[in-house]
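Undergrad: Below are the structure tokens for one structure; questions will follow.
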Amino acid sequence: YYMMQWGYFNAGILTPVGFNLFLRTTEMTSILTFQVSFNADLSVAHIVLPLTKVGRRRSTVESVTLRDHLLVRLLAKAIAQVSPGGLVLQMSTSQYRKLSGQAAKAAGLPSLFKPYGLRRGGATRHFQSTSNMALTMEMGRWQHIATTRTYVNQALLDITTIRHFGKEELHSTANFCSNMLVTQARLYARKG
């Protein structure tokens with residue numbers, strides 16, 4: 001929400017995309033326009049990722065699929081604002097990290113919230129809603145279930161040990177930001 005309010009529409013869209021797809025920060029910030037394709041009714045986006053850690057090890061190309069209809073439409077709108085072949089984010093990874101920190105601070109979140117937490121947080125939320133560690137591993141593109149368990153269990157532990165925020169305050173802030181993002185997204189969708 002804050003990123004969009006400050007004029008960084010693409011960063012404001014790629015942030016929840018990264019969360020939903022468990023993207024590493026550099027994967028999210030390195031996506032080029034031609035690496036994203038959409039189905040005809042803009043309900044699904046397929047993203048071929050920049051060369052990833054696992055992709056280099058396996059000599060393969062990795063990809064992810066976004067199925068959240070609102071985010072798919074907003075991602076299409078974000079890409080339409082970028083010249084062909086350009087970075088969807090329209091800023092460097094270090095600039096995004098700085099912007100993300102400013103947005104977290106504006107939302108009243110503790111300084112421990114970093115962009116890489118989108119990957120862990122998305123995976124943790126997915127596991128909490130599905131109770132399926134194997135599916136979470138597949139979506140996160142981890143090679144071993146033990147690695148996935150480490151990520152998810154550490155994030156669950158972190159959630160319970162956050163001292164700066166009470167549970168109700170954290171929940172309230174998350175709901176506020178989520179509602180503001182949806183409101184902002186609907187406004188952008190109406191504009192074109």
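Letters for chains follow the order of the structure tokens (A, B, ...), residue numbers begin at 1 for each chain, and ligand numbers begin at 1 in the order shown.
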I'd like the neighbourhood of range 12-21 of chain A as a list in words, where a residue qualifies if any of its atoms comes within 6 Å (using only C-alpha atoms), though same-chain residues fewer than 3 positions away should be ignored.
TA: Met3, Met4, Phe9, Leu118, Arg119 and Gly122 of chain A
Undergrad: With all heavy atoms retained, export the selected residues as a CSV table (one decimal), in the first residue's frame.
TA:
```csv
chain,number,residue,atom,x,y,z
A,3,MET,N,4.0,1.6,-0.8
A,3,MET,CA,4.8,1.7,-2.0
A,3,MET,C,3.9,2.4,-3.1
A,3,MET,O,4.4,3.2,-3.9
A,3,MET,CB,5.3,0.3,-2.4
A,3,MET,CG,6.3,-0.2,-1.5
A,3,MET,SD,6.7,-1.9,-2.1
A,3,MET,CE,7.9,-2.4,-0.7
A,4,MET,N,2.7,1.9,-3.2
A,4,MET,CA,1.8,2.4,-4.3
A,4,MET,C,1.5,3.9,-4.0
A,4,MET,O,1.5,4.7,-4.9
A,4,MET,CB,0.6,1.6,-4.4
A,4,MET,CG,0.9,0.2,-4.9
A,4,MET,SD,-0.6,-0.9,-4.8
A,4,MET,CE,-1.3,-0.6,-6.3
A,9,PHE,N,4.2,1.9,-8.1
A,9,PHE,CA,3.1,0.9,-8.3
A,9,PHE,C,3.7,-0.5,-8.5
A,9,PHE,O,3.2,-1.4,-8.0
A,9,PHE,CB,2.3,1.4,-9.6
A,9,PHE,CG,1.2,0.4,-10.0
A,9,PHE,CD1,0.0,0.4,-9.3
A,9,PHE,CD2,1.4,-0.5,-11.0
A,9,PHE,CE1,-1.0,-0.4,-9.6
A,9,PHE,CE2,0.4,-1.3,-11.4
A,9,PHE,CZ,-0.8,-1.3,-10.7
A,118,LEU,N,9.5,-12.3,2.7
A,118,LEU,CA,8.3,-12.6,1.9
A,118,LEU,C,8.3,-14.0,1.5
A,118,LEU,O,7.3,-14.7,1.4
A,118,LEU,CB,8.4,-11.7,0.6
A,118,LEU,CG,8.2,-10.2,0.8
A,118,LEU,CD1,8.5,-9.4,-0.5
A,118,LEU,CD2,6.8,-9.9,1.3
A,119,ARG,N,9.5,-14.6,1.2
A,119,ARG,CA,9.6,-16.0,0.8
A,119,ARG,C,9.2,-16.9,1.9
A,119,ARG,O,8.4,-17.8,1.8
A,119,ARG,CB,11.0,-16.3,0.3
A,119,ARG,CG,11.3,-17.7,-0.1
A,119,ARG,CD,12.6,-17.8,-0.9
A,119,ARG,NE,13.1,-19.2,-1.1
A,119,ARG,CZ,12.7,-20.0,-2.0
A,119,ARG,NH1,11.6,-19.7,-2.7
A,119,ARG,NH2,13.2,-21.2,-2.1
A,122,GLY,N,5.5,-16.3,2.9
A,122,GLY,CA,4.6,-16.9,2.0
A,122,GLY,C,4.5,-18.4,2.1
A,122,GLY,O,3.4,-19.0,2.1
```
Undergrad: Would you list, as a list in words, the residues of range 1-45 of chain A that end up in helix (DSSP H, G or I) under DSSP run on this structure's backbone?
TA: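 These are the residues in question: Tyr2, Met3, Met4, Gln5, Phe9, Asn10, Ala11, Gly12, Ile13, Leu14, Thr15, Pro16, Val17, Gly18, Phe19, Asn20, Leu21, Thr25, Thr26, Glu27, Met28, Thr29, Thr33, Phe34 and Gln35 of chain A.
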Undergrad: Neighbouring residues of His144 in chain A were defined as those with any atom within 12 Å, considering only C-alpha atoms; residues of the same chain fewer than 5 positions away were excluded. Please report them as a list of chain:residue names.
TA: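 These residues fall inside the cut-off: A:Val54, A:Met133, A:Ala134, A:Leu135, A:Thr136, A:Met137, A:Glu138, A:Arg149, A:Thr150, A:Tyr151.
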Undergrad: Residues as selected, all heavy atoms, written as a compact mmCIF listing (two decimals), in the first residue's frame, can you do that?
TA:
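out15.txt, freshly written:
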```
# COMPACT_ATOMS: atom_id res chain seq x y z
N VAL A 54 18.98 -22.84 -7.74
CA VAL A 54 18.72 -24.24 -8.08
C VAL A 54 18.84 -24.45 -9.59
O VAL A 54 19.38 -25.45 -10.04
CB VAL A 54 17.32 -24.67 -7.57
CG1 VAL A 54 16.97 -26.07 -8.06
CG2 VAL A 54 17.28 -24.61 -6.05
N MET A 133 3.29 -30.03 3.69
CA MET A 133 4.69 -29.63 3.57
C MET A 133 5.26 -29.96 2.19
O MET A 133 6.06 -29.21 1.64
CB MET A 133 5.52 -30.29 4.67
CG MET A 133 6.90 -29.72 4.84
SD MET A 133 6.95 -28.01 5.44
CE MET A 133 6.57 -28.22 7.16
N ALA A 134 4.83 -31.09 1.60
CA ALA A 134 5.34 -31.48 0.28
C ALA A 134 4.94 -30.48 -0.80
O ALA A 134 5.75 -30.12 -1.66
CB ALA A 134 4.86 -32.89 -0.09
N LEU A 135 3.70 -30.02 -0.74
CA LEU A 135 3.24 -29.01 -1.71
C LEU A 135 3.96 -27.69 -1.49
O LEU A 135 4.34 -27.01 -2.45
CB LEU A 135 1.73 -28.83 -1.62
CG LEU A 135 1.11 -27.84 -2.60
CD1 LEU A 135 1.42 -28.22 -4.04
CD2 LEU A 135 -0.39 -27.75 -2.37
N THR A 136 4.16 -27.32 -0.24
CA THR A 136 4.89 -26.10 0.08
C THR A 136 6.31 -26.20 -0.47
O THR A 136 6.84 -25.24 -1.05
CB THR A 136 4.91 -25.85 1.60
OG1 THR A 136 3.55 -25.78 2.06
CG2 THR A 136 5.63 -24.56 1.95
N MET A 137 6.94 -27.36 -0.32
CA MET A 137 8.29 -27.59 -0.85
C MET A 137 8.31 -27.42 -2.37
O MET A 137 9.18 -26.74 -2.93
CB MET A 137 8.77 -29.00 -0.49
CG MET A 137 10.16 -29.31 -1.02
SD MET A 137 10.64 -31.03 -0.73
CE MET A 137 9.89 -31.84 -2.13
N GLU A 138 7.33 -28.00 -3.04
CA GLU A 138 7.26 -27.91 -4.50
C GLU A 138 7.07 -26.47 -4.96
O GLU A 138 7.75 -25.99 -5.86
CB GLU A 138 6.11 -28.78 -5.02
CG GLU A 138 6.01 -28.80 -6.52
CD GLU A 138 4.87 -29.68 -6.99
OE1 GLU A 138 4.55 -30.68 -6.34
OE2 GLU A 138 4.30 -29.34 -8.04
N ARG A 149 11.03 -27.65 5.88
CA ARG A 149 10.65 -27.68 7.30
C ARG A 149 11.44 -26.64 8.10
O ARG A 149 10.90 -25.97 8.98
CB ARG A 149 10.89 -29.07 7.89
CG ARG A 149 9.78 -30.01 7.67
CD ARG A 149 9.89 -31.23 8.59
NE ARG A 149 8.89 -32.19 8.19
CZ ARG A 149 9.10 -33.21 7.38
NH1 ARG A 149 10.30 -33.44 6.90
NH2 ARG A 149 8.12 -34.00 7.05
N THR A 150 12.72 -26.52 7.79
CA THR A 150 13.56 -25.54 8.49
C THR A 150 13.02 -24.14 8.27
O THR A 150 12.88 -23.36 9.22
CB THR A 150 15.03 -25.64 8.01
OG1 THR A 150 15.51 -26.94 8.30
CG2 THR A 150 15.89 -24.59 8.67
N TYR A 151 12.72 -23.79 7.03
CA TYR A 151 12.18 -22.46 6.72
C TYR A 151 10.87 -22.22 7.45
O TYR A 151 10.69 -21.21 8.12
CB TYR A 151 11.93 -22.32 5.21
CG TYR A 151 13.11 -21.81 4.44
CD1 TYR A 151 14.17 -22.64 4.13
CD2 TYR A 151 13.15 -20.49 4.03
CE1 TYR A 151 15.25 -22.17 3.42
CE2 TYR A 151 14.23 -20.01 3.31
CZ TYR A 151 15.27 -20.85 3.01
OH TYR A 151 16.34 -20.38 2.32
```
Undergrad: Can you tell me which residues surround Thr26 in chain A at a distance of at most 9 Å, considering only C-alpha atoms, apart from same-chain residues fewer than 4 positions away, and format the answer as a PyMOL selection string?
TA: chain A and resi 30-31+50+52+93
Undergrad: Pick out the closest residue to His69 in chain A from this set: A:Asn39, A:Leu23, A:Leu87, A:Thr33. Count only C-alpha atoms.
TA: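 Once distances to His69 in chain A are computed over only C-alpha atoms, the minimum belongs to A:Asn39.
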Undergrad: Contacts of Val72 in chain A at 7 Å or less, counting only C-alpha atoms, minus same-chain residues fewer than 4 places along, as a PyMOL selection string?
TA: chain A and resi 42-45+66-68+76
Undergrad: Which residues, written as an MDAnalysis selection string, have at least one atom at most 9 Å from His46 in chain A, with only C-alpha atoms counted and residues fewer than 3 positions away on the same chain left out?
TA: chainID A and resid 35:39 63:67
Undergrad: Take the residues that were just selected and, keeping N, CA, C and O atoms, output them as an mmCIF file, in the first residue's frame.
TA:
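Writing done, so here's result_20.cif:
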```cif
data_model
loop_
_atom_site.group_PDB
_atom_site.id
_atom_site.type_symbol
_atom_site.label_atom_id
_atom_site.label_comp_id
_atom_site.auth_asym_id
_atom_site.auth_seq_id
_atom_site.Cartn_x
_atom_site.Cartn_y
_atom_site.Cartn_z
ATOM 1 N N GLN A 35 9.589 -12.292 -19.604
ATOM 2 C CA GLN A 35 9.576 -13.527 -18.825
ATOM 3 C C GLN A 35 8.201 -13.828 -18.234
ATOM 4 O O GLN A 35 8.012 -14.845 -17.591
ATOM 5 N N VAL A 36 7.241 -12.933 -18.475
ATOM 6 C CA VAL A 36 5.898 -13.107 -17.928
ATOM 7 C C VAL A 36 4.910 -13.256 -19.069
ATOM 8 O O VAL A 36 4.906 -12.464 -20.008
ATOM 9 N N SER A 37 4.074 -14.293 -18.990
ATOM 10 C CA SER A 37 3.012 -14.470 -19.981
ATOM 11 C C SER A 37 1.688 -14.675 -19.245
ATOM 12 O O SER A 37 1.656 -15.137 -18.102
ATOM 13 N N PHE A 38 0.608 -14.313 -19.918
ATOM 14 C CA PHE A 38 -0.725 -14.354 -19.319
ATOM 15 C C PHE A 38 -1.661 -15.176 -20.193
ATOM 16 O O PHE A 38 -1.489 -15.221 -21.412
ATOM 17 N N ASN A 39 -2.677 -15.783 -19.561
ATOM 18 C CA ASN A 39 -3.704 -16.428 -20.365
ATOM 19 C C ASN A 39 -4.651 -15.349 -20.880
ATOM 20 O O ASN A 39 -4.554 -14.180 -20.496
ATOM 21 N N SER A 63 10.255 -21.913 -13.228
ATOM 22 C CA SER A 63 9.140 -21.004 -13.458
ATOM 23 C C SER A 63 8.120 -21.178 -12.339
ATOM 24 O O SER A 63 8.141 -22.166 -11.605
ATOM 25 N N VAL A 64 7.244 -20.192 -12.226
ATOM 26 C CA VAL A 64 6.181 -20.202 -11.226
ATOM 27 C C VAL A 64 4.895 -19.732 -11.896
ATOM 28 O O VAL A 64 4.928 -19.071 -12.933
ATOM 29 N N THR A 65 3.771 -20.087 -11.287
ATOM 30 C CA THR A 65 2.476 -19.712 -11.835
ATOM 31 C C THR A 65 1.662 -18.981 -10.783
ATOM 32 O O THR A 65 1.484 -19.465 -9.672
ATOM 33 N N LEU A 66 1.184 -17.797 -11.146
ATOM 34 C CA LEU A 66 0.369 -16.959 -10.267
ATOM 35 C C LEU A 66 -1.091 -17.138 -10.662
ATOM 36 O O LEU A 66 -1.448 -16.955 -11.823
ATOM 37 N N ARG A 67 -1.925 -17.489 -9.685
ATOM 38 C CA ARG A 67 -3.342 -17.745 -9.960
ATOM 39 C C ARG A 67 -4.295 -16.803 -9.224
ATOM 40 O O ARG A 67 -5.493 -16.955 -9.318
#
```
Undergrad: Within 10 Å of Leu99 in chain A, counting only C-alpha atoms, which residues show up once you throw out same-chain ones fewer than 2 positions away? Write them as a ChimeraX atom specification, please.
TA: /A:2-3,6,8,11,91,93-97,101-105,115
Undergrad: Selection from above, all heavy atoms, as a compact mmCIF listing (two decimals), in the first residue's frame, can you write it?
TA:
```
# COMPACT_ATOMS: atom_id res chain seq x y z
N TYR A 2 1.82 1.33 0.93
CA TYR A 2 2.66 2.53 1.01
C TYR A 2 3.49 2.71 -0.26
O TYR A 2 3.64 3.83 -0.75
CB TYR A 2 3.55 2.50 2.25
CG TYR A 2 2.77 2.75 3.51
CD1 TYR A 2 2.51 1.73 4.41
CD2 TYR A 2 2.28 4.03 3.80
CE1 TYR A 2 1.78 1.96 5.56
CE2 TYR A 2 1.53 4.26 4.95
CZ TYR A 2 1.29 3.23 5.81
OH TYR A 2 0.55 3.46 6.95
N MET A 3 4.01 1.63 -0.79
CA MET A 3 4.79 1.73 -2.03
C MET A 3 3.95 2.35 -3.13
O MET A 3 4.41 3.23 -3.86
CB MET A 3 5.30 0.35 -2.44
CG MET A 3 6.33 -0.23 -1.52
SD MET A 3 6.74 -1.92 -2.05
CE MET A 3 7.86 -2.39 -0.74
N TRP A 6 3.34 6.03 -2.61
CA TRP A 6 4.52 6.84 -2.88
C TRP A 6 4.89 6.85 -4.36
O TRP A 6 5.92 7.40 -4.74
CB TRP A 6 5.70 6.33 -2.07
CG TRP A 6 5.50 6.42 -0.59
CD1 TRP A 6 4.70 7.29 0.10
CD2 TRP A 6 6.10 5.58 0.40
NE1 TRP A 6 4.78 7.05 1.46
CE2 TRP A 6 5.63 6.01 1.66
CE3 TRP A 6 7.00 4.52 0.34
CZ2 TRP A 6 6.02 5.41 2.85
CZ3 TRP A 6 7.39 3.92 1.54
CH2 TRP A 6 6.91 4.36 2.77
N TYR A 8 5.31 4.04 -6.38
CA TYR A 8 6.04 2.84 -6.82
C TYR A 8 5.05 1.71 -7.04
O TYR A 8 5.04 0.71 -6.33
CB TYR A 8 7.10 2.46 -5.79
CG TYR A 8 8.14 3.52 -5.56
CD1 TYR A 8 8.06 4.37 -4.46
CD2 TYR A 8 9.18 3.70 -6.48
CE1 TYR A 8 9.01 5.36 -4.25
CE2 TYR A 8 10.13 4.70 -6.28
CZ TYR A 8 10.03 5.52 -5.16
OH TYR A 8 10.97 6.50 -4.97
N ALA A 11 6.49 -1.89 -7.61
CA ALA A 11 7.00 -2.48 -6.36
C ALA A 11 5.85 -2.90 -5.46
O ALA A 11 5.90 -3.95 -4.82
CB ALA A 11 7.91 -1.49 -5.64
N MET A 91 13.53 -0.82 -10.70
CA MET A 91 14.54 -0.35 -9.75
C MET A 91 15.47 -1.50 -9.43
O MET A 91 15.15 -2.65 -9.70
CB MET A 91 13.90 0.22 -8.47
CG MET A 91 13.19 -0.80 -7.61
SD MET A 91 12.52 -0.13 -6.05
CE MET A 91 11.32 1.05 -6.61
N THR A 93 17.79 -4.06 -6.97
CA THR A 93 17.49 -4.84 -5.77
C THR A 93 17.77 -4.01 -4.51
O THR A 93 16.98 -4.01 -3.57
CB THR A 93 18.32 -6.14 -5.75
OG1 THR A 93 18.00 -6.89 -6.93
CG2 THR A 93 18.01 -6.99 -4.53
N SER A 94 18.88 -3.29 -4.49
CA SER A 94 19.20 -2.49 -3.30
C SER A 94 18.18 -1.36 -3.11
O SER A 94 17.81 -1.04 -1.97
CB SER A 94 20.62 -1.94 -3.37
OG SER A 94 20.78 -1.08 -4.46
N GLN A 95 17.71 -0.75 -4.19
CA GLN A 95 16.68 0.28 -4.08
C GLN A 95 15.38 -0.31 -3.53
O GLN A 95 14.70 0.30 -2.71
CB GLN A 95 16.43 0.94 -5.44
CG GLN A 95 17.56 1.82 -5.91
CD GLN A 95 17.37 2.26 -7.35
OE1 GLN A 95 16.95 1.48 -8.21
NE2 GLN A 95 17.70 3.52 -7.62
N TYR A 96 15.05 -1.53 -4.00
CA TYR A 96 13.84 -2.18 -3.51
C TYR A 96 13.97 -2.50 -2.02
O TYR A 96 13.02 -2.30 -1.26
CB TYR A 96 13.53 -3.47 -4.29
CG TYR A 96 12.35 -4.19 -3.70
CD1 TYR A 96 11.05 -3.74 -3.91
CD2 TYR A 96 12.54 -5.29 -2.86
CE1 TYR A 96 9.97 -4.37 -3.32
CE2 TYR A 96 11.47 -5.93 -2.27
CZ TYR A 96 10.18 -5.46 -2.51
OH TYR A 96 9.11 -6.09 -1.91
N ARG A 97 15.12 -2.99 -1.60
CA ARG A 97 15.32 -3.30 -0.18
C ARG A 97 15.12 -2.04 0.67
O ARG A 97 14.49 -2.08 1.73
CB ARG A 97 16.70 -3.90 0.05
CG ARG A 97 16.81 -5.34 -0.38
CD ARG A 97 18.15 -5.96 0.06
NE ARG A 97 18.14 -7.37 -0.24
CZ ARG A 97 18.88 -7.96 -1.18
NH1 ARG A 97 19.71 -7.24 -1.90
NH2 ARG A 97 18.80 -9.26 -1.38
N GLY A 101 12.07 -1.40 3.35
CA GLY A 101 12.32 -1.01 4.74
C GLY A 101 11.53 0.23 5.13
O GLY A 101 10.98 0.31 6.23
N GLN A 102 11.45 1.18 4.21
CA GLN A 102 10.69 2.40 4.48
C GLN A 102 9.19 2.10 4.62
O GLN A 102 8.52 2.65 5.48
CB GLN A 102 10.93 3.43 3.37
CG GLN A 102 12.34 3.98 3.35
CD GLN A 102 12.65 4.75 2.07
OE1 GLN A 102 12.00 4.59 1.05
NE2 GLN A 102 13.69 5.58 2.15
N ALA A 103 8.71 1.21 3.76
CA ALA A 103 7.29 0.84 3.82
C ALA A 103 6.98 0.07 5.11
O ALA A 103 5.95 0.30 5.74
CB ALA A 103 6.91 0.00 2.60
N ALA A 104 7.87 -0.82 5.51
CA ALA A 104 7.68 -1.56 6.75
C ALA A 104 7.66 -0.61 7.94
O ALA A 104 6.81 -0.72 8.84
CB ALA A 104 8.77 -2.62 6.93
N LYS A 105 8.55 0.36 7.91
CA LYS A 105 8.59 1.35 9.00
C LYS A 105 7.32 2.19 9.02
O LYS A 105 6.75 2.44 10.08
CB LYS A 105 9.82 2.25 8.82
CG LYS A 105 10.00 3.24 9.95
CD LYS A 105 11.28 4.05 9.78
CE LYS A 105 11.42 5.03 10.94
NZ LYS A 105 12.64 5.82 10.82
N PRO A 115 12.83 -7.92 2.98
CA PRO A 115 12.24 -8.49 1.77
C PRO A 115 12.34 -10.02 1.68
O PRO A 115 11.42 -10.66 1.18
CB PRO A 115 13.01 -7.82 0.64
CG PRO A 115 13.45 -6.53 1.21
CD PRO A 115 13.73 -6.82 2.66
```
Undergrad: Tell me which of A:Ala123, A:Ile79, A:Leu89, A:Leu109 sits closest to Thr29 in chain A, counting only C-alpha atoms.
TA: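 Nearest to Thr29 in chain A: A:Leu89.
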Undergrad: Identify which of the residues A:Tyr1, A:Trp142, A:Val152, A:Asn10 lies closest to Lys77 in chain A, counting only C-alpha atoms when measuring atom-to-atom distances.
TA: A:Asn10
